[in-house]
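Visitor: Contents of entry20.cif (mmCIF, C-alpha atoms) are below:
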```cif
data_input
loop_
_atom_site.group_PDB
_atom_site.id
_atom_site.type_symbol
_atom_site.label_atom_id
_atom_site.label_comp_id
_atom_site.auth_asym_id
_atom_site.auth_seq_id
_atom_site.Cartn_x
_atom_site.Cartn_y
_atom_site.Cartn_z
ATOM 1 C CA MET A 1 -27.873 -10.699 -12.872
ATOM 2 C CA ASP A 2 -31.649 -10.351 -12.700
ATOM 3 C CA ASP A 3 -31.659 -11.713 -9.198
ATOM 4 C CA ALA A 4 -28.765 -9.495 -8.106
ATOM 5 C CA PRO A 5 -29.869 -7.057 -5.407
ATOM 6 C CA LYS A 6 -31.103 -3.694 -6.625
ATOM 7 C CA VAL A 7 -29.193 -0.994 -4.789
ATOM 8 C CA LEU A 8 -29.961 2.712 -4.636
ATOM 9 C CA ALA A 9 -26.913 4.721 -3.536
ATOM 10 C CA ILE A 10 -28.040 8.291 -2.898
ATOM 11 C CA ALA A 11 -26.560 11.498 -1.464
ATOM 12 C CA SER A 12 -26.743 15.239 -1.954
ATOM 13 C CA GLY A 13 -23.940 16.932 -3.870
ATOM 14 C CA GLY A 14 -20.579 18.040 -2.528
ATOM 15 C CA GLY A 15 -19.014 16.317 0.467
ATOM 16 C CA HIS A 16 -21.860 13.855 0.998
ATOM 17 C CA PHE A 17 -21.517 12.590 -2.560
ATOM 18 C CA VAL A 18 -17.718 12.370 -2.364
ATOM 19 C CA GLN A 19 -18.191 10.090 0.641
ATOM 20 C CA LEU A 20 -20.837 7.972 -1.096
ATOM 21 C CA LEU A 21 -18.564 7.283 -4.069
ATOM 22 C CA ARG A 22 -15.862 6.004 -1.730
ATOM 23 C CA LEU A 23 -18.209 3.095 -0.934
ATOM 24 C CA MET A 24 -18.398 2.068 -4.598
ATOM 25 C CA PRO A 25 -16.504 -1.268 -4.289
ATOM 26 C CA ALA A 26 -19.249 -2.457 -1.930
ATOM 27 C CA PHE A 27 -21.702 -2.361 -4.842
ATOM 28 C CA GLU A 28 -19.948 -4.901 -7.054
ATOM 29 C CA GLY A 29 -22.379 -7.432 -8.496
ATOM 30 C CA THR A 30 -25.484 -5.381 -7.678
ATOM 31 C CA ARG A 31 -27.941 -3.693 -10.006
ATOM 32 C CA LEU A 32 -26.831 -0.203 -9.050
ATOM 33 C CA THR A 33 -28.547 3.151 -9.339
ATOM 34 C CA VAL A 34 -26.645 6.226 -8.173
ATOM 35 C CA ALA A 35 -28.689 9.332 -7.352
ATOM 36 C CA THR A 36 -27.565 12.823 -6.415
ATOM 37 C CA THR A 37 -28.493 16.471 -6.850
ATOM 38 C CA HIS A 38 -26.186 17.463 -9.741
ATOM 39 C CA ALA A 39 -26.371 15.960 -13.228
ATOM 40 C CA ALA A 40 -22.748 16.995 -13.751
ATOM 41 C CA ASN A 41 -21.640 14.197 -11.423
ATOM 42 C CA ARG A 42 -22.540 11.517 -13.966
ATOM 43 C CA PRO A 43 -19.144 11.326 -15.758
ATOM 44 C CA GLU A 44 -17.408 10.816 -12.433
ATOM 45 C CA VAL A 45 -19.728 7.921 -11.561
ATOM 46 C CA ASP A 46 -19.228 6.311 -14.970
ATOM 47 C CA ALA A 47 -15.446 6.678 -14.765
ATOM 48 C CA LEU A 48 -15.360 5.130 -11.313
ATOM 49 C CA ALA A 49 -17.558 2.210 -12.385
ATOM 50 C CA ALA A 50 -15.322 1.630 -15.403
ATOM 51 C CA THR A 51 -12.213 1.653 -13.189
ATOM 52 C CA LEU A 52 -13.792 -1.010 -11.008
ATOM 53 C CA GLY A 53 -14.982 -3.061 -13.996
ATOM 54 C CA PHE A 54 -18.675 -2.530 -13.182
ATOM 55 C CA PRO A 55 -21.368 -2.156 -15.824
ATOM 56 C CA ARG A 56 -22.423 1.482 -16.248
ATOM 57 C CA PRO A 57 -24.756 2.236 -13.306
ATOM 58 C CA ASP A 58 -28.083 3.984 -13.752
ATOM 59 C CA PHE A 59 -27.859 7.612 -12.718
ATOM 60 C CA LYS A 60 -30.705 9.833 -11.483
ATOM 61 C CA THR A 61 -30.924 13.358 -10.159
ATOM 62 C CA VAL A 62 -33.211 14.661 -7.430
ATOM 63 C CA THR A 63 -33.856 18.205 -6.202
ATOM 64 C CA GLU A 64 -31.366 19.674 -3.760
ATOM 65 C CA ALA A 65 -33.127 20.804 -0.586
ATOM 66 C CA ASN A 66 -32.775 21.197 3.132
ATOM 67 C CA ARG A 67 -35.389 21.366 5.825
ATOM 68 C CA TRP A 68 -35.545 25.167 5.710
ATOM 69 C CA GLN A 69 -36.488 25.261 2.024
ATOM 70 C CA LYS A 70 -40.091 24.084 2.137
ATOM 71 C CA LEU A 71 -40.937 24.285 -1.556
ATOM 72 C CA LYS A 72 -37.752 22.612 -2.653
ATOM 73 C CA LEU A 73 -38.231 20.034 0.037
ATOM 74 C CA ILE A 74 -41.682 19.176 -1.295
ATOM 75 C CA LYS A 75 -40.204 18.846 -4.779
ATOM 76 C CA ALA A 76 -37.457 16.630 -3.383
ATOM 77 C CA VAL A 77 -40.066 14.409 -1.689
ATOM 78 C CA PHE A 78 -41.786 13.892 -5.034
ATOM 79 C CA ASP A 79 -38.483 13.252 -6.818
ATOM 80 C CA VAL A 80 -37.369 10.660 -4.292
ATOM 81 C CA ALA A 81 -40.833 9.053 -4.161
ATOM 82 C CA ARG A 82 -40.904 8.753 -7.946
ATOM 83 C CA LEU A 83 -37.409 7.307 -7.961
ATOM 84 C CA ILE A 84 -38.220 4.698 -5.343
ATOM 85 C CA THR A 85 -41.573 3.643 -6.752
ATOM 86 C CA ALA A 86 -40.022 3.218 -10.212
ATOM 87 C CA LEU A 87 -36.924 1.450 -9.003
ATOM 88 C CA ARG A 88 -38.186 -0.581 -6.020
ATOM 89 C CA PRO A 89 -34.675 -0.998 -4.591
ATOM 90 C CA ASP A 90 -33.859 -3.919 -2.307
ATOM 91 C CA VAL A 91 -31.279 -1.859 -0.461
ATOM 92 C CA ILE A 92 -30.790 1.903 -0.020
ATOM 93 C CA VAL A 93 -27.389 3.249 1.019
ATOM 94 C CA THR A 94 -26.962 6.925 1.843
ATOM 95 C CA THR A 95 -24.419 9.326 3.303
ATOM 96 C CA GLY A 96 -27.019 12.109 3.662
ATOM 97 C CA ALA A 97 -28.258 14.645 3.701
ATOM 98 C CA ALA A 98 -31.918 15.528 2.901
ATOM 99 C CA PRO A 99 -32.320 13.266 -0.183
ATOM 100 C CA GLY A 100 -30.851 10.354 1.761
ATOM 101 C CA TYR A 101 -33.148 10.962 4.687
ATOM 102 C CA LEU A 102 -36.167 11.051 2.361
ATOM 103 C CA ALA A 103 -35.001 7.909 0.586
ATOM 104 C CA ILE A 104 -34.782 6.027 3.869
ATOM 105 C CA ARG A 105 -38.186 7.258 5.037
ATOM 106 C CA LEU A 106 -39.905 6.443 1.746
ATOM 107 C CA GLY A 107 -37.866 3.365 0.908
ATOM 108 C CA ARG A 108 -38.965 1.600 4.065
ATOM 109 C CA LEU A 109 -42.584 1.908 2.944
ATOM 110 C CA PHE A 110 -41.673 -0.154 -0.102
ATOM 111 C CA GLY A 111 -39.762 -2.786 1.794
ATOM 112 C CA ALA A 112 -36.212 -1.627 1.108
ATOM 113 C CA ARG A 113 -33.522 -2.386 3.665
ATOM 114 C CA THR A 114 -31.604 0.778 4.501
ATOM 115 C CA ILE A 115 -28.163 1.990 5.588
ATOM 116 C CA TRP A 116 -27.525 5.485 6.945
ATOM 117 C CA LEU A 117 -23.813 6.298 7.061
ATOM 118 C CA ASP A 118 -23.464 9.552 8.979
ATOM 119 C CA SER A 119 -21.098 12.069 7.372
ATOM 120 C CA ILE A 120 -17.516 12.122 8.582
ATOM 121 C CA ALA A 121 -18.020 15.890 8.946
ATOM 122 C CA ASN A 122 -20.041 15.171 12.074
ATOM 123 C CA ALA A 123 -17.103 14.492 14.346
ATOM 124 C CA GLU A 124 -18.545 15.830 17.569
ATOM 125 C CA GLU A 125 -22.191 14.986 17.340
ATOM 126 C CA LEU A 126 -24.465 13.275 14.870
ATOM 127 C CA SER A 127 -26.338 15.383 12.360
ATOM 128 C CA LEU A 128 -30.008 16.045 13.056
ATOM 129 C CA SER A 129 -31.017 14.180 9.907
ATOM 130 C CA GLY A 130 -28.644 11.428 11.033
ATOM 131 C CA LYS A 131 -30.405 11.059 14.361
ATOM 132 C CA LYS A 132 -33.801 10.957 12.700
ATOM 133 C CA ALA A 133 -32.772 8.691 9.838
ATOM 134 C CA GLY A 134 -30.591 6.489 12.019
ATOM 135 C CA ASP A 135 -33.507 5.554 14.202
ATOM 136 C CA ILE A 136 -35.428 4.141 11.265
ATOM 137 C CA ALA A 137 -32.515 2.773 9.203
ATOM 138 C CA ASP A 138 -31.795 -0.954 9.443
ATOM 139 C CA LEU A 139 -28.083 -0.243 9.746
ATOM 140 C CA TRP A 140 -26.956 3.017 11.347
ATOM 141 C CA LEU A 141 -23.264 3.822 11.104
ATOM 142 C CA THR A 142 -21.054 6.648 12.349
ATOM 143 C CA GLN A 143 -17.543 7.270 11.065
ATOM 144 C CA TRP A 144 -16.242 8.251 14.488
ATOM 145 C CA GLU A 145 -15.663 5.552 17.074
ATOM 146 C CA HIS A 146 -16.389 7.864 20.008
ATOM 147 C CA LEU A 147 -19.897 8.548 18.661
ATOM 148 C CA SER A 148 -20.926 4.881 18.574
ATOM 149 C CA THR A 149 -23.309 3.723 21.302
ATOM 150 C CA ASP A 150 -25.148 0.531 22.242
ATOM 151 C CA THR A 151 -28.524 1.893 21.192
ATOM 152 C CA GLY A 152 -27.325 4.310 18.505
ATOM 153 C CA PRO A 153 -24.944 4.128 15.571
ATOM 154 C CA LYS A 154 -22.220 1.544 15.184
ATOM 155 C CA TYR A 155 -18.664 2.288 14.126
ATOM 156 C CA ARG A 156 -17.304 0.114 11.292
ATOM 157 C CA GLY A 157 -14.533 2.296 9.877
ATOM 158 C CA SER A 158 -14.657 5.464 7.793
ATOM 159 C CA VAL A 159 -14.507 6.573 4.163
ATOM 160 C CA VAL A 160 -10.935 7.884 4.564
ATOM 161 C CA MET B 1 -2.417 28.423 -9.438
ATOM 162 C CA ILE B 2 -3.834 28.922 -5.994
ATOM 163 C CA PHE B 3 -7.388 27.553 -5.910
ATOM 164 C CA LEU B 4 -10.038 29.044 -3.652
ATOM 165 C CA THR B 5 -13.126 26.834 -3.220
ATOM 166 C CA LEU B 6 -16.114 27.122 -0.906
ATOM 167 C CA GLY B 7 -18.214 24.082 -1.778
ATOM 168 C CA SER B 8 -21.463 24.314 -3.672
ATOM 169 C CA HIS B 9 -23.728 25.707 -0.979
ATOM 170 C CA GLN B 10 -23.329 28.750 1.248
ATOM 171 C CA PRO B 11 -21.109 31.753 0.545
ATOM 172 C CA PHE B 12 -18.151 32.466 2.818
ATOM 173 C CA ASP B 13 -17.376 36.154 2.352
ATOM 174 C CA ARG B 14 -14.999 36.309 5.315
ATOM 175 C CA LEU B 15 -12.586 33.929 3.610
ATOM 176 C CA VAL B 16 -12.945 35.413 0.117
ATOM 177 C CA GLU B 17 -12.268 38.921 1.432
ATOM 178 C CA ALA B 18 -9.229 37.802 3.429
ATOM 179 C CA LEU B 19 -7.721 36.103 0.380
ATOM 180 C CA ASP B 20 -8.524 39.109 -1.802
ATOM 181 C CA HIS B 21 -6.636 41.384 0.594
ATOM 182 C CA TRP B 22 -3.658 39.035 0.722
ATOM 183 C CA ALA B 23 -3.642 38.774 -3.089
ATOM 184 C CA THR B 24 -3.626 42.577 -3.360
ATOM 185 C CA ASP B 25 -0.886 43.003 -0.735
ATOM 186 C CA ARG B 26 1.367 40.449 -2.403
ATOM 187 C CA ASP B 27 0.333 41.292 -5.975
ATOM 188 C CA VAL B 28 -0.398 37.642 -6.764
ATOM 189 C CA GLY B 29 -4.005 37.964 -7.974
ATOM 190 C CA ASN B 30 -3.033 36.578 -11.385
ATOM 191 C CA ARG B 31 -2.005 33.349 -9.669
ATOM 192 C CA ILE B 32 -5.379 32.771 -7.975
ATOM 193 C CA PHE B 33 -8.671 31.365 -9.229
ATOM 194 C CA GLY B 34 -11.729 31.316 -6.953
ATOM 195 C CA GLN B 35 -15.053 29.503 -6.785
ATOM 196 C CA ILE B 36 -17.187 31.698 -4.559
ATOM 197 C CA THR B 37 -20.812 30.303 -4.714
ATOM 198 C CA PRO B 38 -23.827 32.028 -6.318
ATOM 199 C CA HIS B 39 -24.820 33.971 -3.199
ATOM 200 C CA ALA B 40 -21.498 35.612 -2.402
ATOM 201 C CA THR B 41 -21.947 39.294 -1.573
ATOM 202 C CA TYR B 42 -18.210 40.035 -1.525
ATOM 203 C CA LYS B 43 -16.754 39.773 -5.015
ATOM 204 C CA PRO B 44 -12.971 39.497 -5.218
ATOM 205 C CA LYS B 45 -11.214 42.361 -6.982
ATOM 206 C CA ALA B 46 -7.745 40.860 -7.282
ATOM 207 C CA PHE B 47 -8.461 37.517 -8.902
ATOM 208 C CA GLU B 48 -10.626 35.716 -11.439
ATOM 209 C CA HIS B 49 -13.611 33.848 -10.050
ATOM 210 C CA ARG B 50 -16.772 31.919 -10.875
ATOM 211 C CA ASP B 51 -19.785 30.939 -8.786
ATOM 212 C CA LEU B 52 -19.694 27.179 -9.333
ATOM 213 C CA LEU B 53 -17.593 24.612 -11.168
ATOM 214 C CA ASP B 54 -18.391 21.237 -12.672
ATOM 215 C CA PRO B 55 -17.138 18.350 -10.507
ATOM 216 C CA SER B 56 -14.499 17.446 -13.095
ATOM 217 C CA GLU B 57 -13.093 20.980 -13.278
ATOM 218 C CA TYR B 58 -13.192 21.206 -9.497
ATOM 219 C CA ARG B 59 -11.124 18.030 -9.170
ATOM 220 C CA GLU B 60 -8.651 19.107 -11.851
ATOM 221 C CA ARG B 61 -8.139 22.438 -10.147
ATOM 222 C CA CYS B 62 -7.660 20.756 -6.751
ATOM 223 C CA LYS B 63 -5.167 18.353 -8.296
ATOM 224 C CA ASP B 64 -3.143 20.993 -10.129
ATOM 225 C CA ALA B 65 -3.201 23.737 -7.493
ATOM 226 C CA THR B 66 -0.035 25.038 -5.842
ATOM 227 C CA PHE B 67 -2.232 25.080 -2.789
ATOM 228 C CA ILE B 68 -5.941 25.187 -1.954
ATOM 229 C CA VAL B 69 -7.718 27.812 0.134
ATOM 230 C CA SER B 70 -11.110 26.602 1.338
ATOM 231 C CA HIS B 71 -13.711 26.128 4.033
ATOM 232 C CA ALA B 72 -13.254 23.071 6.266
ATOM 233 C CA GLY B 73 -15.660 20.958 4.188
ATOM 234 C CA MET B 74 -15.302 17.212 3.807
ATOM 235 C CA GLY B 75 -15.456 17.247 0.005
ATOM 236 C CA THR B 76 -12.397 19.481 -0.231
ATOM 237 C CA ILE B 77 -10.595 17.732 2.632
ATOM 238 C CA ILE B 78 -10.955 14.333 0.946
ATOM 239 C CA THR B 79 -10.030 15.751 -2.462
ATOM 240 C CA ALA B 80 -6.950 17.554 -1.092
ATOM 241 C CA LEU B 81 -5.798 14.406 0.709
ATOM 242 C CA THR B 82 -6.363 12.336 -2.434
ATOM 243 C CA TYR B 83 -3.999 14.513 -4.467
ATOM 244 C CA ARG B 84 -1.788 15.499 -1.531
ATOM 245 C CA THR B 85 -2.353 19.143 -2.405
ATOM 246 C CA PRO B 86 -1.450 21.460 0.480
ATOM 247 C CA ALA B 87 -4.457 23.362 1.775
ATOM 248 C CA VAL B 88 -5.319 26.095 4.239
ATOM 249 C CA MET B 89 -8.875 25.729 5.493
ATOM 250 C CA MET B 90 -10.952 28.098 7.580
ATOM 251 C CA ALA B 91 -13.844 26.697 9.610
ATOM 252 C CA ARG B 92 -17.254 28.230 8.988
ATOM 253 C CA ARG B 93 -18.856 29.529 12.168
ATOM 254 C CA ALA B 94 -22.502 29.355 13.172
ATOM 255 C CA HIS B 95 -22.526 32.618 15.156
ATOM 256 C CA LEU B 96 -21.395 34.499 12.023
ATOM 257 C CA GLY B 97 -24.174 32.921 9.938
ATOM 258 C CA GLU B 98 -21.698 30.949 7.860
ATOM 259 C CA MET B 99 -23.281 27.594 8.652
ATOM 260 C CA ARG B 100 -26.048 26.195 10.835
ATOM 261 C CA ASN B 101 -23.704 24.715 13.411
ATOM 262 C CA ASP B 102 -20.003 24.579 14.248
ATOM 263 C CA HIS B 103 -19.333 21.136 12.834
ATOM 264 C CA GLN B 104 -16.456 22.492 10.728
ATOM 265 C CA VAL B 105 -14.640 23.388 13.939
ATOM 266 C CA ALA B 106 -14.895 19.756 15.030
ATOM 267 C CA THR B 107 -13.797 18.629 11.575
ATOM 268 C CA ALA B 108 -10.764 20.925 11.793
ATOM 269 C CA GLU B 109 -9.764 19.439 15.141
ATOM 270 C CA ARG B 110 -10.170 15.879 13.871
ATOM 271 C CA PHE B 111 -8.095 16.381 10.726
ATOM 272 C CA ALA B 112 -5.495 18.726 12.262
ATOM 273 C CA SER B 113 -2.848 16.002 12.328
ATOM 274 C CA ARG B 114 -2.857 15.614 8.523
ATOM 275 C CA GLN B 115 0.356 16.934 7.082
ATOM 276 C CA GLU B 116 -1.225 18.541 4.003
ATOM 277 C CA LEU B 117 -3.910 20.467 5.854
ATOM 278 C CA ARG B 118 -3.648 23.626 7.935
ATOM 279 C CA PHE B 119 -6.750 24.860 9.697
ATOM 280 C CA ILE B 120 -7.516 28.375 10.841
ATOM 281 C CA MET B 121 -10.414 29.984 12.693
ATOM 282 C CA GLU B 122 -9.802 33.691 12.036
ATOM 283 C CA ALA B 123 -9.247 35.655 8.825
ATOM 284 C CA PRO B 124 -5.983 37.358 9.992
ATOM 285 C CA GLU B 125 -4.346 33.916 10.220
ATOM 286 C CA LEU B 126 -4.747 33.402 6.468
ATOM 287 C CA GLY B 127 -2.055 35.742 5.106
ATOM 288 C CA PRO B 128 0.960 34.332 6.986
ATOM 289 C CA ILE B 129 0.026 30.767 6.049
ATOM 290 C CA CYS B 130 -0.464 31.726 2.399
ATOM 291 C CA ASP B 131 2.985 33.405 2.477
ATOM 292 C CA ASP B 132 4.449 30.203 3.837
ATOM 293 C CA LEU B 133 2.666 27.931 1.351
ATOM 294 C CA LEU B 134 3.669 30.163 -1.537
ATOM 295 C CA ALA B 135 7.321 29.999 -0.479
ATOM 296 C CA ASN B 136 7.288 26.276 0.383
ATOM 297 C CA ALA B 137 4.776 24.680 -1.935
ATOM 298 C CA ASP B 138 6.429 21.268 -2.040
ATOM 299 C CA ARG B 139 3.976 18.441 -1.727
ATOM 300 C CA PRO B 140 4.552 15.875 0.987
ATOM 301 C CA ASP B 141 6.211 12.705 -0.265
ATOM 302 C CA GLY B 142 4.230 9.552 -0.850
ATOM 303 C CA ASP B 143 0.853 8.715 -2.244
ATOM 304 C CA GLY B 144 -2.458 10.294 -1.373
ATOM 305 C CA ILE B 145 -5.085 8.498 0.654
ATOM 306 C CA ALA B 146 -6.622 5.338 -0.780
ATOM 307 C CA PRO B 147 -9.361 6.023 -3.340
ATOM 308 C CA PHE B 148 -11.996 4.101 -1.417
ATOM 309 C CA ALA B 149 -13.328 3.666 2.103
ATOM 310 C CA GLU B 150 -11.645 1.443 4.665
ATOM 311 C CA ASP B 151 -12.012 -2.285 3.961
ATOM 312 C CA GLN B 152 -13.997 -2.820 7.136
ATOM 313 C CA LEU B 153 -16.613 -0.289 6.071
ATOM 314 C CA ILE B 154 -16.812 -1.603 2.486
ATOM 315 C CA GLY B 155 -17.190 -5.121 3.897
ATOM 316 C CA THR B 156 -19.915 -4.077 6.316
ATOM 317 C CA VAL B 157 -21.958 -2.420 3.570
ATOM 318 C CA ARG B 158 -21.396 -5.369 1.228
ATOM 319 C CA ASP B 159 -22.387 -7.944 3.833
ATOM 320 C CA PHE B 160 -25.550 -5.981 4.529
ATOM 321 C CA ILE B 161 -26.480 -5.824 0.832
ATOM 322 C CA PHE B 162 -25.933 -9.551 0.235
ATOM 323 C CA ARG B 163 -27.180 -10.991 3.504
#
```
Please re-express this file's structure in structure tokens.

Guide:
Amino acid sequence: MDDAPKVLAIASGGGHFVQLLRLMPAFEGTRLTVATTHAANRPEVDALAATLGFPRPDFKTVTEANRWQKLKLIKAVFDVARLITALRPDVIVTTGAAPGYLAIRLGRLFGARTIWLDSIANAEELSLSGKKAGDIADLWLTQWEHLSTDTGPKYRGSVV
Amino acid sequence: MIFLTLGSHQPFDRLVEALDHWATDRDVGNRIFGQITPHATYKPKAFEHRDLLDPSEYRERCKDATFIVSHAGMGTIITALTYRTPAVMMARRAHLGEMRNDHQVATAERFASRQELRFIMEAPELGPICDDLLANADRPDGDGIAPFAEDQLIGTVRDFIFR
């Protein structure tokens, strides 16, 4: 187990987090940390892990922010930086939004491989954070086939 | 109960007010519970409400609801489809300051074919659909959507992690 990959699965609360949890079976056999913006999501994560027969994942919270909330965004940068320097994940998987973008930006500095899965809510165009994060993520995915391009995101199915 | 939910972020007064008026007209306020976000400026008069709910209470209320009234947000769409709870969903609009862009309009178009979900753009459309859902609240037959992502997506993420 000690050589199992360390995975950080991170998303902001609400719809982004609902989508992240639908990827849970992909994390079987990893050393998993789940991070989001609401501590109240922990029981749901534990219940899901138990259903799948996983050991209880680590669970961390980071500040909720968007790019218009400068102070909160600075706090979120510190939260995510602290999380990544303590954890040193091998792989970061995110469904957005701001915390996921920060995790990809900062995680790369520490050698993590990264996946940005753009939200299924972005059916007509990619999110701004998705465009920025996608460019630097090792694997950039969209959940809508018509949004996949040769140089941009790939389509490999959706969370529903 | 009829469950109004707006997600955990921005308020959506246009929808709350429309439901409040319908509840008053039909005298069904005692059958509605609403989650209206901390920054709502319109407070419903006809029905009980709170700003935010814990995720577990939110899911229970979605599961048990006669029908859901909500914004066209992915969290509620996925949750409604999971429990096959009928829902009427109004897209937030950027030009009304309800969201930064019109992605909920695109979401509404993409999920319009789902049997459980009915999407609207304007507040006056809400009442007639609520009347209909109240009279015909039967859930569609069959199971909800699978609890996890499509196999192809799970496999892609897994292959990436273990490569």

Visitor: Residue by residue, what does the PyMOL selection byres ((chain A) within 8 of (chain B)) grab here? Present the result as a count of residues only.

Guide: 30

Visitor: Would you translate the PyMOL selection byres ((chain A and resi 113) around 9) into the concrete set of residues it matches in this file, as a PyMOL selection string?

Guide: (chain A and resi 89-93+104+107-108+111-112+114-115+137-139) or (chain B and resi 160-161)

Visitor: Find, counting only C-alpha atoms, the residue in A:Lys132, A:Ala47, A:Ala98, A:Gln143 that gets nearest to Lys70 in chain A.

Guide: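 Residue with the minimum atom-to-atom distance to Lys70 in chain A: A:Ala98.
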
Visitor: So, counting all atoms listed in the file, which residue among B:Asn136, B:Arg26, B:Arg100, B:Ala40 is closest to Ser127 in chain A?

Guide: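 Using all atoms listed in the file, Ser127 in chain A sits closest to B:Arg100.
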
Visitor: Find the residues with any atom within 6 Å of (-26.3, 4.7, -11.0); use all atoms listed in the file and the coordinates as given in the file, and write the answer as a PDB file with C-alpha atoms, keeping the file's coordinate frame.

Guide:
```
ATOM      1  CA  LEU A  32     -26.831  -0.203  -9.050  1.00  0.00           C
ATOM      2  CA  THR A  33     -28.547   3.151  -9.339  1.00  0.00           C
ATOM      3  CA  VAL A  34     -26.645   6.226  -8.173  1.00  0.00           C
ATOM      4  CA  PRO A  57     -24.756   2.236 -13.306  1.00  0.00           C
ATOM      5  CA  ASP A  58     -28.083   3.984 -13.752  1.00  0.00           C
ATOM      6  CA  PHE A  59     -27.859   7.612 -12.718  1.00  0.00           C
TER       7      PHE A  59
END
```

Visitor: In Å, rounded to a single decimal, give me how far CA of Glu28 in chain A is from CA of Ala49 in chain A.

Guide: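 Distance between the two atoms: 9.2 Å.
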
Visitor: Determine the residue membership of the PyMOL selection byres ((chain A and resi 103) around 12) for the file above and supply it as a VMD selection string.

Guide: chain A and resid 7 to 12 35 to 36 62 76 to 85 87 to 89 91 to 102 104 to 116 129 133 136 to 137

Visitor: Between B:His39, B:His71, B:His95, B:Lys45, which residue has the minimum interatomic distance to Trp22 in chain B, considering all atoms listed in the file?

Guide: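 Distance minimum relative to Trp22 in chain B lands on B:Lys45.
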
Visitor: Can you tell me how far CA of Asp138 in chain B sits from CA of Arg31 in chain B, in Å to one decimal?

Guide: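 These atoms are spaced 16.6 Å apart.
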
Visitor: Any idea what the distance is between CA of Asp132 in chain B and CA of Glu57 in chain B?

Guide: 26.2 Å

Visitor: Around all the atoms of range 31-44 of chain B listed in the file, draw an axis-aligned box and extend it by 6 Å on each of the six sides; I want its centre and edge lengths in Å to one decimal, as JSON.

Guide:
```
{"center_x": -13.4, "center_y": 34.8, "center_z": -5.6, "size_x": 34.8, "size_y": 22.5, "size_z": 20.1}
```

Visitor: For each of A:Thr61, A:Thr142, A:Gln69, A:Thr37, take the minimum atom-to-atom distance to Leu117 in chain A, counting all atoms listed in the file, then give the residue where this is smallest.

Guide: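 Answer, going by the shortest atom-to-atom distance: A:Thr142.
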
Visitor: With a distance cut-off of 8 Å and all atoms listed in the file, select the neighbouring residues of Leu117 in chain B, excluding the residue or stretch itself and same-chain residues fewer than 3 positions from it, and output the selection as JSON, numbers by chain.

Guide: {"B": [77, 86, 87, 88, 89, 111, 112, 113, 114]}

Visitor: Which residues, written as an mmCIF file with C-alpha atoms, in the frame of the given file, have at least one atom at most 12 Å from range 12-15 of chain B, with only C-alpha atoms counted and residues fewer than 3 positions away on the same chain left out?

Guide:
```cif
data_model
loop_
_atom_site.group_PDB
_atom_site.id
_atom_site.type_symbol
_atom_site.label_atom_id
_atom_site.label_comp_id
_atom_site.auth_asym_id
_atom_site.auth_seq_id
_atom_site.Cartn_x
_atom_site.Cartn_y
_atom_site.Cartn_z
ATOM 1 C CA LEU B 4 -10.038 29.044 -3.652
ATOM 2 C CA THR B 5 -13.126 26.834 -3.220
ATOM 3 C CA LEU B 6 -16.114 27.122 -0.906
ATOM 4 C CA GLY B 7 -18.214 24.082 -1.778
ATOM 5 C CA SER B 8 -21.463 24.314 -3.672
ATOM 6 C CA HIS B 9 -23.728 25.707 -0.979
ATOM 7 C CA ALA B 18 -9.229 37.802 3.429
ATOM 8 C CA LEU B 19 -7.721 36.103 0.380
ATOM 9 C CA ASP B 20 -8.524 39.109 -1.802
ATOM 10 C CA HIS B 21 -6.636 41.384 0.594
ATOM 11 C CA TRP B 22 -3.658 39.035 0.722
ATOM 12 C CA GLY B 34 -11.729 31.316 -6.953
ATOM 13 C CA GLN B 35 -15.053 29.503 -6.785
ATOM 14 C CA ILE B 36 -17.187 31.698 -4.559
ATOM 15 C CA THR B 37 -20.812 30.303 -4.714
ATOM 16 C CA PRO B 38 -23.827 32.028 -6.318
ATOM 17 C CA HIS B 39 -24.820 33.971 -3.199
ATOM 18 C CA ALA B 40 -21.498 35.612 -2.402
ATOM 19 C CA THR B 41 -21.947 39.294 -1.573
ATOM 20 C CA TYR B 42 -18.210 40.035 -1.525
ATOM 21 C CA LYS B 43 -16.754 39.773 -5.015
ATOM 22 C CA PRO B 44 -12.971 39.497 -5.218
ATOM 23 C CA ASP B 51 -19.785 30.939 -8.786
ATOM 24 C CA VAL B 69 -7.718 27.812 0.134
ATOM 25 C CA SER B 70 -11.110 26.602 1.338
ATOM 26 C CA HIS B 71 -13.711 26.128 4.033
ATOM 27 C CA ALA B 72 -13.254 23.071 6.266
ATOM 28 C CA GLY B 73 -15.660 20.958 4.188
ATOM 29 C CA VAL B 88 -5.319 26.095 4.239
ATOM 30 C CA MET B 89 -8.875 25.729 5.493
ATOM 31 C CA MET B 90 -10.952 28.098 7.580
ATOM 32 C CA ALA B 91 -13.844 26.697 9.610
ATOM 33 C CA ARG B 92 -17.254 28.230 8.988
ATOM 34 C CA ARG B 93 -18.856 29.529 12.168
ATOM 35 C CA ALA B 94 -22.502 29.355 13.172
ATOM 36 C CA LEU B 96 -21.395 34.499 12.023
ATOM 37 C CA GLY B 97 -24.174 32.921 9.938
ATOM 38 C CA GLU B 98 -21.698 30.949 7.860
ATOM 39 C CA MET B 99 -23.281 27.594 8.652
ATOM 40 C CA ILE B 120 -7.516 28.375 10.841
ATOM 41 C CA MET B 121 -10.414 29.984 12.693
ATOM 42 C CA GLU B 122 -9.802 33.691 12.036
ATOM 43 C CA ALA B 123 -9.247 35.655 8.825
ATOM 44 C CA PRO B 124 -5.983 37.358 9.992
ATOM 45 C CA GLU B 125 -4.346 33.916 10.220
ATOM 46 C CA LEU B 126 -4.747 33.402 6.468
ATOM 47 C CA GLY B 127 -2.055 35.742 5.106
#
```

Visitor: Would you list the residues near (-21.0, -8.0, -9.1), meaning any protein, DNA or RNA residue with an atom at most 9 Å from that point in file coordinates, counting all atoms listed in the file, as a PyMOL selection string?

Guide: chain A and resi 1+4+27-31+54-55
